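Encoded as structure tokens, the structure appears first; notes follow it.
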Amino acid sequence: MPDKMNLTDAEWRERLTPEQYRVLREGGTERAFTGKYDKNKQAGEYRCAACGQPLFESSDKYDSGSGWPSFTAPAAGDAVEEHSDTSHGMVRTEVTCAKCAGHLGHVFPDGPGADGLRYCINSAALDFTPEE
């Protein structure tokens, strides 16, 4: 389990863009098909935009057609945490960064991988490092 990172609200606001803050700290969602990583096909690693924690690998990314970057699994079993989310009149499973508790997106049981999961993640919550 990664060491937890706790910053004040002011420190998060200083560190993040307004859109990153809205998504990561306030649980917001970017509009479908607007995120910079939805169609990214480069090989590399996706990290938390708030704290740099490795979250997902490009080898687990696929085009779900949902309008958000989708992954079949996190980079490591302890990279993300899952929580029940009953907001907006729905029952969903929220995905947060295990290190900074930033909201990443949601996980759904309709993915193509071995576990049948689709991690539907906001581009604003991610930074991408291409493979060398």
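If you're wondering about the labels, chains in the structure tokens are A, B, ... by order shown, residues count from 1 in each chain, ligands from 1 in order shown.
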
Might you pull out every residue within 12 Å of A:Gln53, with only C-alpha atoms counted and same-chain residues fewer than 6 positions away left off, and present them as a CSV table (one decimal) with N, CA and C atoms, in the first residue's frame?
chain,number,residue,atom,x,y,z
A,1,MET,N,0.8,-1.2,0.0
A,1,MET,CA,0.0,0.0,0.0
A,1,MET,C,0.9,1.2,0.0
A,2,PRO,N,0.6,2.2,-0.9
A,2,PRO,CA,1.4,3.4,-0.9
A,2,PRO,C,1.2,4.3,0.3
A,3,ASP,N,2.3,5.0,0.7
A,3,ASP,CA,2.1,6.0,1.8
A,3,ASP,C,1.1,7.0,1.4
A,4,LYS,N,0.2,7.3,2.3
A,4,LYS,CA,-0.9,8.3,2.1
A,4,LYS,C,-0.3,9.7,2.0
A,5,MET,N,-0.9,10.5,1.1
A,5,MET,CA,-0.5,11.9,0.9
A,5,MET,C,-1.7,12.8,1.3
A,45,GLU,N,2.9,4.8,-19.4
A,45,GLU,CA,2.3,4.6,-18.1
A,45,GLU,C,1.4,5.8,-17.7
A,46,TYR,N,0.3,5.5,-17.2
A,46,TYR,CA,-0.6,6.6,-16.7
A,46,TYR,C,-0.5,6.7,-15.2
A,47,ARG,N,-0.2,7.9,-14.8
A,47,ARG,CA,0.0,8.2,-13.3
A,47,ARG,C,-1.1,9.2,-12.8
A,74,PRO,N,-5.8,-2.1,-12.9
A,74,PRO,CA,-4.8,-1.1,-12.5
A,74,PRO,C,-3.4,-1.7,-12.7
A,75,ALA,N,-2.4,-0.8,-12.7
A,75,ALA,CA,-1.0,-1.2,-12.8
A,75,ALA,C,-0.6,-2.2,-11.7
A,76,ALA,N,-1.1,-1.9,-10.5
A,76,ALA,CA,-0.8,-2.8,-9.4
A,76,ALA,C,-2.1,-2.9,-8.5
A,78,ASP,N,-2.7,-2.6,-5.5
A,78,ASP,CA,-2.9,-1.6,-4.5
A,78,ASP,C,-2.8,-0.1,-5.0
A,79,ALA,N,-2.8,0.1,-6.3
A,79,ALA,CA,-2.7,1.4,-6.9
A,79,ALA,C,-3.9,2.2,-6.7
A,80,VAL,N,-5.1,1.6,-6.7
A,80,VAL,CA,-6.4,2.3,-6.6
A,80,VAL,C,-7.2,1.7,-5.5
A,96,THR,N,-10.6,5.6,-6.7
A,96,THR,CA,-9.7,6.7,-6.2
A,96,THR,C,-8.3,6.2,-6.2
A,97,CYS,N,-7.4,7.2,-6.2
A,97,CYS,CA,-6.0,6.9,-6.1
A,97,CYS,C,-5.7,6.5,-4.6
A,98,ALA,N,-5.0,5.4,-4.5
A,98,ALA,CA,-4.7,4.9,-3.2
A,98,ALA,C,-3.7,5.8,-2.4
A,99,LYS,N,-2.9,6.6,-3.1
A,99,LYS,CA,-2.0,7.4,-2.4
A,99,LYS,C,-2.6,8.8,-1.9
A,100,CYS,N,-3.3,9.4,-2.8
A,100,CYS,CA,-3.8,10.8,-2.4
A,100,CYS,C,-5.4,10.9,-2.3
A,101,ALA,N,-6.1,9.7,-2.5
A,101,ALA,CA,-7.5,9.7,-2.5
A,101,ALA,C,-8.2,10.5,-3.5
A,102,GLY,N,-7.5,10.9,-4.6
A,102,GLY,CA,-8.1,11.7,-5.7
A,102,GLY,C,-9.1,10.8,-6.4
A,104,LEU,N,-10.8,9.3,-9.5
A,104,LEU,CA,-10.3,9.0,-10.8
A,104,LEU,C,-11.4,8.7,-11.8
A,125,ALA,N,-7.6,13.4,-14.5
A,125,ALA,CA,-7.0,12.8,-13.3
A,125,ALA,C,-5.7,12.1,-13.6
A,126,LEU,N,-5.3,12.1,-14.9
A,126,LEU,CA,-4.1,11.3,-15.3
A,126,LEU,C,-3.0,12.2,-15.9
A,127,ASP,N,-1.8,11.8,-15.7
A,127,ASP,CA,-0.6,12.2,-16.5
A,127,ASP,C,-0.1,11.0,-17.2
A,128,PHE,N,0.4,11.2,-18.4
A,128,PHE,CA,0.9,10.1,-19.2
A,128,PHE,C,2.4,10.2,-19.4
A,129,THR,N,3.2,9.2,-19.2
A,129,THR,CA,4.6,9.1,-19.5
A,129,THR,C,4.8,8.1,-20.6

What are the DSSP alpha helix (DSSP H) residues of chain A, as a ChimeraX atom specification?
/A:9-15,18-24

Would you export the selected residues with C-alpha atoms as a PDB file, in the first residue's frame, please?
ATOM      1  CA  ASP A   9      -7.339  22.317   0.236  1.00  0.00           C
ATOM      2  CA  ALA A  10      -5.153  25.356  -0.508  1.00  0.00           C
ATOM      3  CA  GLU A  11      -2.173  23.112  -1.336  1.00  0.00           C
ATOM      4  CA  TRP A  12      -4.300  21.023  -3.734  1.00  0.00           C
ATOM      5  CA  ARG A  13      -5.617  24.188  -5.432  1.00  0.00           C
ATOM      6  CA  GLU A  14      -2.051  25.435  -5.867  1.00  0.00           C
ATOM      7  CA  ARG A  15      -0.873  22.112  -7.289  1.00  0.00           C
ATOM      8  CA  PRO A  18      -9.040  24.112 -11.968  1.00  0.00           C
ATOM      9  CA  GLU A  19     -10.288  21.148 -14.060  1.00  0.00           C
ATOM     10  CA  GLN A  20      -7.974  18.684 -12.279  1.00  0.00           C
ATOM     11  CA  TYR A  21      -9.128  20.047  -8.924  1.00  0.00           C
ATOM     12  CA  ARG A  22     -12.813  19.709  -9.917  1.00  0.00           C
ATOM     13  CA  VAL A  23     -12.311  16.067 -10.953  1.00  0.00           C
ATOM     14  CA  LEU A  24      -9.724  14.839  -8.437  1.00  0.00           C
TER      15      LEU A  24
END

Residue nearest A:Leu117 - candidates A:Lys36, A:Arg31, A:Lys61, A:Arg25, atoms counted: only C-alpha atoms:
A:Lys61

For the structure I just gave you, how does DSSP split stretch 29-81 of chain A - specifically, which residues are strand (DSSP E or B)? Reply as a ChimeraX atom specification.
/A:44-48,54-57,61-62,70-71,80-81

With only C-alpha atoms as the basis for distance, which of A:Val91, A:Gly44, A:Asp85, A:Tyr119 is at the shortest distance from A:Asp63?
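Closest residue, counting only C-alpha atoms: A:Tyr119.
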
Give me, as an NGL selection string, all polymer residues having an atom no more than 9 Å from A:Asp115, counting only C-alpha atoms and skipping those fewer than 5 positions away in the same chain.
:A and (72-73 or 109)

Could the residues in this selection be saved with N, CA and C atoms as a short mmCIF file (atom, residue, chain, number, x, y, z; two decimals), in the first residue's frame?
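Saved to again35.cif:
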data_model
loop_
_atom_site.label_atom_id
_atom_site.label_comp_id
_atom_site.auth_asym_id
_atom_site.auth_seq_id
_atom_site.Cartn_x
_atom_site.Cartn_y
_atom_site.Cartn_z
N THR A 72 -8.53 -2.36 -18.35
CA THR A 72 -9.04 -3.63 -17.83
C THR A 72 -8.58 -3.90 -16.41
N ALA A 73 -7.49 -3.23 -15.95
CA ALA A 73 -6.96 -3.46 -14.61
C ALA A 73 -6.01 -2.33 -14.24
N PRO A 109 -18.67 -3.59 -14.43
CA PRO A 109 -18.47 -5.01 -14.71
C PRO A 109 -18.75 -5.39 -16.17
#

Separation of atom CA of A:Gly35 from atom CA of A:Ala124 in Å
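Those two atoms sit 6.8 Å apart.
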
List as a count of residues only the protein and nucleic acid residues near A:Gly65, meaning an atom at most 10 Å away when only C-alpha atoms are counted, but skip any in the same chain fewer than 3 places from it.
8
